[in-house]
file input-v6.txt (compact mmCIF, C-alpha atoms)
# COMPACT_ATOMS: atom_id res chain seq x y z
CA MET A 1 38.83 -26.43 4.01
CA GLY A 2 40.78 -23.17 3.92
CA LYS A 3 40.15 -22.80 0.18
CA VAL A 4 36.41 -23.37 0.67
CA PHE A 5 36.29 -20.69 3.38
CA LEU A 6 38.27 -18.29 1.20
CA LEU A 7 35.89 -18.85 -1.71
CA PHE A 8 32.89 -18.29 0.58
CA PHE A 9 34.43 -15.06 1.87
CA VAL A 10 35.20 -13.76 -1.62
CA VAL A 11 31.67 -14.52 -2.87
CA CYS A 12 30.00 -12.89 0.14
CA PHE A 13 32.29 -9.89 0.01
CA GLY A 14 31.63 -9.45 -3.69
CA LEU A 15 27.88 -9.61 -3.15
CA ASN A 16 28.14 -7.02 -0.41
CA LEU A 17 30.03 -4.66 -2.67
CA SER A 18 27.37 -4.90 -5.38
CA ALA A 19 24.39 -4.18 -3.12
CA GLN A 20 23.35 -0.53 -3.37
CA THR A 21 21.25 1.18 -0.73
CA MET A 22 18.37 3.64 -0.81
CA HIS A 23 18.79 5.87 2.25
CA THR A 24 15.54 7.69 3.10
CA LEU A 25 15.04 10.18 5.93
CA ILE A 26 11.39 11.10 6.54
CA PHE A 27 10.44 13.85 9.00
CA ILE A 28 6.67 14.16 9.53
CA ASN A 29 5.25 15.08 12.95
CA GLU A 30 2.28 12.71 13.20
CA GLU A 31 1.49 13.98 16.70
CA GLU A 32 0.91 17.63 15.80
CA ALA A 33 -2.31 18.75 17.50
CA GLY A 34 -5.17 19.05 15.02
CA ARG A 35 -3.13 17.61 12.17
CA GLN A 36 -2.82 13.97 13.19
CA THR A 37 -5.05 12.67 10.39
CA ASP A 38 -3.27 14.16 7.39
CA ARG A 39 0.22 13.78 8.88
CA ARG A 40 -0.32 10.08 9.63
CA ALA A 41 -1.77 9.53 6.17
CA ASP A 42 1.23 11.13 4.53
CA MET A 43 3.70 9.17 6.69
CA ARG A 44 1.99 5.90 5.84
CA LYS A 45 1.83 6.61 2.12
CA MET A 46 5.43 7.83 1.91
CA LYS A 47 6.78 4.79 3.81
CA GLU A 48 4.85 2.40 1.58
CA PHE A 49 5.97 4.22 -1.54
CA ILE A 50 9.67 4.27 -0.64
CA THR A 51 9.60 0.60 0.37
CA ASP A 52 7.96 -0.27 -2.94
CA VAL A 53 10.49 1.73 -5.00
CA ALA A 54 13.49 0.20 -3.20
CA SER A 55 12.11 -3.27 -3.86
CA ARG A 56 11.47 -2.56 -7.53
CA ILE A 57 14.95 -1.27 -8.26
CA GLY A 58 16.67 -3.95 -6.17
CA TYR A 59 18.16 -1.64 -3.54
CA ARG A 60 18.51 -2.30 0.18
CA ASN A 61 15.96 -0.13 2.00
CA ASP A 62 17.49 2.05 4.72
CA LEU A 63 14.30 3.85 5.77
CA ARG A 64 14.36 6.09 8.85
CA THR A 65 11.29 7.99 10.03
CA HIS A 66 11.03 10.65 12.73
CA SER A 67 7.99 12.13 14.44
CA GLY A 68 6.93 13.48 17.84
CA SER A 69 9.89 14.34 20.08
CA GLU A 70 12.28 13.34 17.28
CA PHE A 71 10.92 16.05 14.96
CA THR A 72 13.87 18.37 15.64
CA THR A 73 16.78 19.99 13.84
CA GLN A 74 19.08 18.08 16.16
CA MET A 75 17.69 14.79 14.84
CA VAL A 76 17.97 16.03 11.25
CA ASP A 77 21.63 16.88 11.81
CA SER A 78 22.26 13.58 13.56
CA GLU A 79 20.73 11.56 10.75
CA LEU A 80 22.48 13.49 8.00
CA ASN A 81 25.83 13.13 9.75
CA SER A 82 25.29 9.38 10.23
CA LEU A 83 24.74 8.68 6.54
CA ASN A 84 27.22 6.23 5.08
CA VAL A 85 26.69 6.67 1.36
CA GLU A 86 28.43 4.40 -1.10
CA PHE A 87 28.92 4.71 -4.85
CA ASN A 88 25.61 4.60 -6.76
CA ASP A 89 23.45 4.77 -3.61
CA ILE A 90 20.26 6.86 -3.58
CA VAL A 91 19.50 9.40 -0.85
CA ILE A 92 16.06 10.93 -0.18
CA PHE A 93 15.29 13.59 2.41
CA TYR A 94 11.56 14.26 2.81
CA TYR A 95 10.12 16.83 5.19
CA HIS A 96 6.38 17.44 5.58
CA GLY A 97 5.26 20.08 8.03
CA HIS A 98 5.05 23.82 8.53
CA GLY A 99 7.44 26.19 6.85
CA GLY A 100 7.94 29.73 5.66
CA ASN A 101 10.15 32.12 3.76
CA TYR A 102 12.01 34.42 6.15
CA SER A 103 13.57 36.60 3.46
CA ASN A 104 11.63 39.82 4.12
CA ASN A 105 9.42 39.33 1.05
CA ASN A 106 12.37 38.77 -1.25
CA ALA A 107 11.32 36.24 -3.88
CA GLU A 108 14.95 35.80 -4.93
CA ILE A 109 15.35 33.67 -1.79
CA LYS A 110 13.54 30.72 -3.31
CA TRP A 111 13.85 27.85 -0.80
CA PRO A 112 11.79 27.71 2.43
CA ASN A 113 12.69 27.27 6.07
CA MET A 114 11.29 24.13 7.69
CA SER A 115 9.68 24.60 11.12
CA LEU A 116 10.73 21.79 13.43
CA LEU A 117 9.94 21.63 17.14
CA ASP A 118 13.10 23.30 18.39
CA LYS A 119 13.73 25.86 15.64
CA SER A 120 13.50 26.46 11.92
CA LEU A 121 15.91 24.85 9.49
CA PRO A 122 16.70 26.32 6.06
CA HIS A 123 16.13 23.95 3.18
CA THR A 124 19.49 25.08 1.82
CA ASP A 125 21.25 23.94 5.01
CA VAL A 126 20.02 20.41 4.38
CA GLN A 127 21.13 20.76 0.77
CA ALA A 128 24.66 21.75 1.82
CA ASN A 129 24.89 18.87 4.27
CA LEU A 130 23.67 16.36 1.72
CA GLU A 131 26.10 17.64 -0.89
CA GLU A 132 28.95 17.10 1.56
CA LYS A 133 27.85 13.70 2.87
CA CYS A 134 26.47 12.18 -0.33
CA ALA A 135 29.17 12.82 -2.92
CA PRO A 136 29.18 9.20 -4.21
CA ALA A 137 25.38 9.01 -4.57
CA LYS A 138 23.75 8.30 -7.91
CA LEU A 139 20.69 10.37 -7.03
CA VAL A 140 19.82 12.77 -4.18
CA LEU A 141 16.29 14.14 -3.61
CA CYS A 142 15.99 16.98 -1.10
CA ILE A 143 12.27 17.67 -0.57
CA ALA A 144 10.62 20.29 1.65
CA ASP A 145 6.86 19.68 1.49
CA CYS A 146 5.76 22.83 3.31
CA CYS A 147 4.64 26.43 2.90
CA ASN A 148 7.03 28.93 1.39
CA SER A 149 4.95 31.95 2.37
CA PHE A 150 6.51 35.18 3.55
CA VAL A 151 6.28 35.52 7.32
CA TYR A 152 7.61 39.39 7.91
CA LYS A 153 -10.53 18.73 -0.54
CA GLN A 154 -9.78 15.47 -1.40
CA ASN A 155 -6.35 14.53 -2.67
CA PRO A 156 -5.98 12.76 -6.00
CA GLN A 157 -6.14 8.98 -5.94
CA VAL A 158 -2.73 7.48 -6.66
CA ASN A 159 -2.67 4.11 -8.36
CA THR A 160 -0.17 1.50 -7.21
CA MET A 161 2.54 0.69 -9.71
CA GLU A 162 2.21 -2.63 -11.49
CA THR A 163 5.02 -5.19 -11.31
CA ARG A 164 5.60 -5.03 -15.05
CA PHE A 165 6.83 -1.45 -14.70
CA ASN A 166 9.77 -2.30 -12.42
CA ASP A 167 12.33 -1.73 -15.19
CA ASN A 168 10.93 1.75 -15.86
CA ILE A 169 11.07 2.84 -12.23
CA LYS A 170 14.64 1.54 -12.03
CA LYS A 171 15.57 3.65 -15.05
CA LEU A 172 14.15 6.75 -13.35
CA PHE A 173 16.12 6.25 -10.13
CA THR A 174 19.36 4.81 -11.53
CA GLY A 175 19.28 4.64 -15.34
CA PHE A 176 20.92 7.95 -16.19
CA SER A 177 24.53 8.93 -16.84
CA GLY A 178 26.47 10.75 -14.14
CA GLN A 179 24.98 11.86 -10.84
CA LYS A 180 21.99 14.06 -10.00
CA PHE A 181 21.10 16.30 -7.05
CA ILE A 182 17.50 17.51 -7.02
CA MET A 183 16.05 20.31 -4.88
CA ILE A 184 12.26 20.35 -4.46
CA SER A 185 9.83 22.37 -2.36
CA ALA A 186 6.04 22.21 -2.35
CA SER A 187 5.58 25.94 -2.97
CA LYS A 188 7.36 29.01 -4.32
CA PRO A 189 8.40 32.07 -2.28
CA GLY A 190 5.41 33.84 -0.77
CA GLN A 191 3.08 30.82 -1.14
CA TYR A 192 1.53 28.26 1.17
CA GLY A 193 1.81 24.50 0.84
CA TRP A 194 -1.53 22.72 1.19
CA SER A 195 -2.75 19.47 2.74
CA ALA A 196 -6.07 17.69 3.06
CA SER A 197 -7.27 15.07 5.53
CA THR A 198 -5.68 12.44 3.30
CA GLY A 199 -2.22 14.00 3.47
CA SER A 200 -0.06 16.36 1.45
CA ILE A 201 -1.47 17.53 -1.89
CA PHE A 202 1.99 17.88 -3.39
CA GLY A 203 3.07 14.55 -1.90
CA ASP A 204 0.26 12.71 -3.67
CA TYR A 205 0.94 14.39 -7.01
CA PHE A 206 4.70 13.75 -6.65
CA ARG A 207 4.16 10.05 -6.06
CA GLY A 208 1.45 10.01 -8.73
CA ALA A 209 3.78 11.54 -11.34
CA ILE A 210 6.39 8.86 -10.67
CA ASN A 211 3.71 6.20 -11.09
CA TYR A 212 2.33 7.84 -14.23
CA TYR A 213 5.65 7.99 -16.08
CA SER A 214 6.69 4.51 -14.98
CA GLU A 215 3.51 3.24 -16.65
CA THR A 216 3.42 5.38 -19.80
CA THR A 217 7.05 5.53 -20.97
CA SER A 218 9.99 3.17 -21.01
CA ASN A 219 12.40 6.04 -20.33
CA PRO A 220 10.95 8.24 -17.57
CA THR A 221 12.95 11.31 -16.56
CA TRP A 222 12.97 13.49 -13.45
CA GLU A 223 12.32 16.50 -15.67
CA ASN A 224 9.02 14.94 -16.80
CA VAL A 225 8.06 13.71 -13.33
CA LEU A 226 8.65 17.02 -11.56
CA SER A 227 7.09 19.12 -14.30
CA LYS A 228 3.91 17.03 -14.11
CA ALA A 229 3.86 17.12 -10.30
CA GLN A 230 4.31 20.89 -10.48
CA TYR A 231 1.53 21.35 -13.02
CA ASP A 232 -0.95 19.04 -11.28
CA THR A 233 -0.32 20.54 -7.84
CA LYS A 234 -0.69 24.07 -9.15
CA SER A 235 -3.93 23.17 -10.94
CA HIS A 236 -5.37 21.42 -7.88
CA ASN A 237 -4.57 24.37 -5.64
CA ALA A 238 -6.05 26.80 -8.15
CA ARG A 239 -9.34 24.89 -8.12
CA GLY A 240 -9.45 25.56 -4.38
CA GLY A 241 -8.75 29.25 -4.93
CA HIS A 242 -5.08 29.01 -3.91
CA VAL A 243 -2.07 30.33 -5.82
CA SER A 244 0.58 27.74 -4.98
CA GLU A 245 2.91 25.58 -7.05
CA PRO A 246 5.99 23.49 -6.36
CA GLN A 247 9.47 24.48 -7.50
CA TYR A 248 12.48 22.36 -8.32
CA GLU A 249 16.01 22.41 -9.71
CA ILE A 250 17.94 19.49 -11.13
CA PHE A 251 21.71 19.58 -10.99
CA ASN A 252 24.26 17.46 -12.79
CA LYS A 253 26.85 17.03 -10.08
CA SER A 254 29.62 17.19 -12.67
CA GLN A 255 28.77 20.76 -13.71
CA ARG A 256 26.81 22.25 -10.75
CA GLN A 257 24.47 24.21 -12.99
CA PRO A 258 20.71 23.66 -12.97
CA GLN A 259 19.45 21.68 -15.95
CA VAL A 260 15.87 22.68 -15.20
CA HIS A 261 14.65 26.00 -13.85
CA SER A 262 11.52 26.11 -11.73
CA GLY A 263 9.90 29.16 -13.31
CA GLU A 264 8.30 27.36 -16.26
CA ILE A 265 5.51 24.82 -16.45
CA LYS A 266 6.59 22.34 -19.10
CA TRP A 267 4.00 19.59 -18.80
call {"tool": "encode", "arguments": {"input": "input-v6.txt", "output": "structure tokens"}}
result
Amino acid sequence: MGKVFLLFFVVCFGLNLSAQTMHTLIFINEEEAGRQTDRRADMRKMKEFITDVASRIGYRNDLRTHSGSEFTTQMVDSELNSLNVEFNDIVIFYYHGHGGNYSNNNAEIKWPNMSLLDKSLPHTDVQANLEEKCAPAKLVLCIADCCNSFVYKQNPQVNTMETRFNDNIKKLFTGFSGQKFIMISASKPGQYGWSASTGSIFGDYFRGAINYYSETTSNPTWENVLSKAQYDTKSHNARGGHVSEPQYEIFNKSQRQPQVHSGEIKW
């Protein structure tokens, strides 16, 4: 009997060790006056998308969403500090709301400040916290879907990924050597981020680019995905008379130098 119990324990413990987790923190204030429609649409679409990705790559889905009275820097800090990231886990931070660049019109300060209910939070502060807390992670996405403007329309239809593309989406999120940390914002310094009644324009193109490359190539890369999302978002905004494009940097955690600079459109 003791041997049977020991075998059961070893098997269960081994299975537990092999189960990776996708940790996702979503901050979207669905209750913002006058913006309920697009905020709720974006929350719904992002939750469905993350749940689908976690299922496709075989990861446990640790999805945490915050809105209303929880849309605060205190909650951001609490959630970041509570992360328990294991080797090869994936971590995604996604903020959708108001933001701005408080750098006195200095475009060299490239990342925005996110405007939560209590105060603003620099995108780079979240980056620093994630770098500290998520050292074992396989992939970290740090996304600020907001304006980056100086302060001193229908969205595209996004097709659902087909089951046959599960291997491709897994390659994108886990099938690369080493570890990656990716910084993303929906606009460059001095620009606005734009939404429609159906949600974030960048958010739809970001999800759409992941879908596109999972369907069209057996080896999708984040360089391709983010370049396409950048190009499509910029083009969409330009059709509406807006000069606004996302920016991103991809770091190999082993060398801490950007592999991809945000100044060029490659797609």
call {"tool": "closest_residue", "arguments": {"input": "input-v6.txt", "among": "A:Leu172, A:Ala229, A:Met22, A:Val53", "to": "Cys134 of chain A", "atoms": "only C-alpha atoms"}}
result
A:Met22
call {"tool": "atom_distance", "arguments": {"input": "input-v6.txt", "atom1": "atom CA of Ile184 of chain A", "atom2": "atom CA of Glu249 of chain A"}}
result
6.8 Å
call {"tool": "closest_residue", "arguments": {"input": "input-v6.txt", "among": "A:Gln247, A:Asn81, A:Asn106, A:Thr198", "to": "Val151 of chain A", "atoms": "all atoms listed in the file"}}
result
A:Asn106
call {"tool": "atom_distance", "arguments": {"input": "input-v6.txt", "atom1": "atom CA of Arg239 of chain A", "atom2": "atom CA of Trp194 of chain A"}}
result
12.3 Å
call {"tool": "residues_around", "arguments": {"input": "input-v6.txt", "residues": "Met43 of chain A", "least_positions_apart": "6", "cutoff": "8 Å", "atoms": "only C-alpha atoms", "output": "PyMOL selection string"}}
result
chain A and resi 26+28+30
call {"tool": "write_last_selection", "arguments": {"input": "input-v6.txt", "atoms": "C-alpha atoms", "output": "PDB file, in the coordinates of the input"}}
result
ATOM      1  CA  ILE A  26      11.390  11.100   6.540  1.00  0.00           C
ATOM      2  CA  ILE A  28       6.670  14.160   9.530  1.00  0.00           C
ATOM      3  CA  GLU A  30       2.280  12.710  13.200  1.00  0.00           C
TER       4      GLU A  30
END
call {"tool": "atom_distance", "arguments": {"input": "input-v6.txt", "atom1": "atom CA of Asp42 of chain A", "atom2": "atom CA of Gly203 of chain A"}}
result
7.5 Å
call {"tool": "closest_residue", "arguments": {"input": "input-v6.txt", "among": "A:Lys188, A:Lys110, A:Lys171, A:His96", "to": "Ile143 of chain A", "atoms": "only C-alpha atoms"}}
result
A:His96
call {"tool": "residues_near_point", "arguments": {"input": "input-v6.txt", "point": "(22.4, 9.7, 12.5)", "cutoff": "12 Å", "atoms": "all atoms listed in the file", "output": "PyMOL selection string"}}
result
chain A and resi 23-25+62+64-66+70+73-84+133
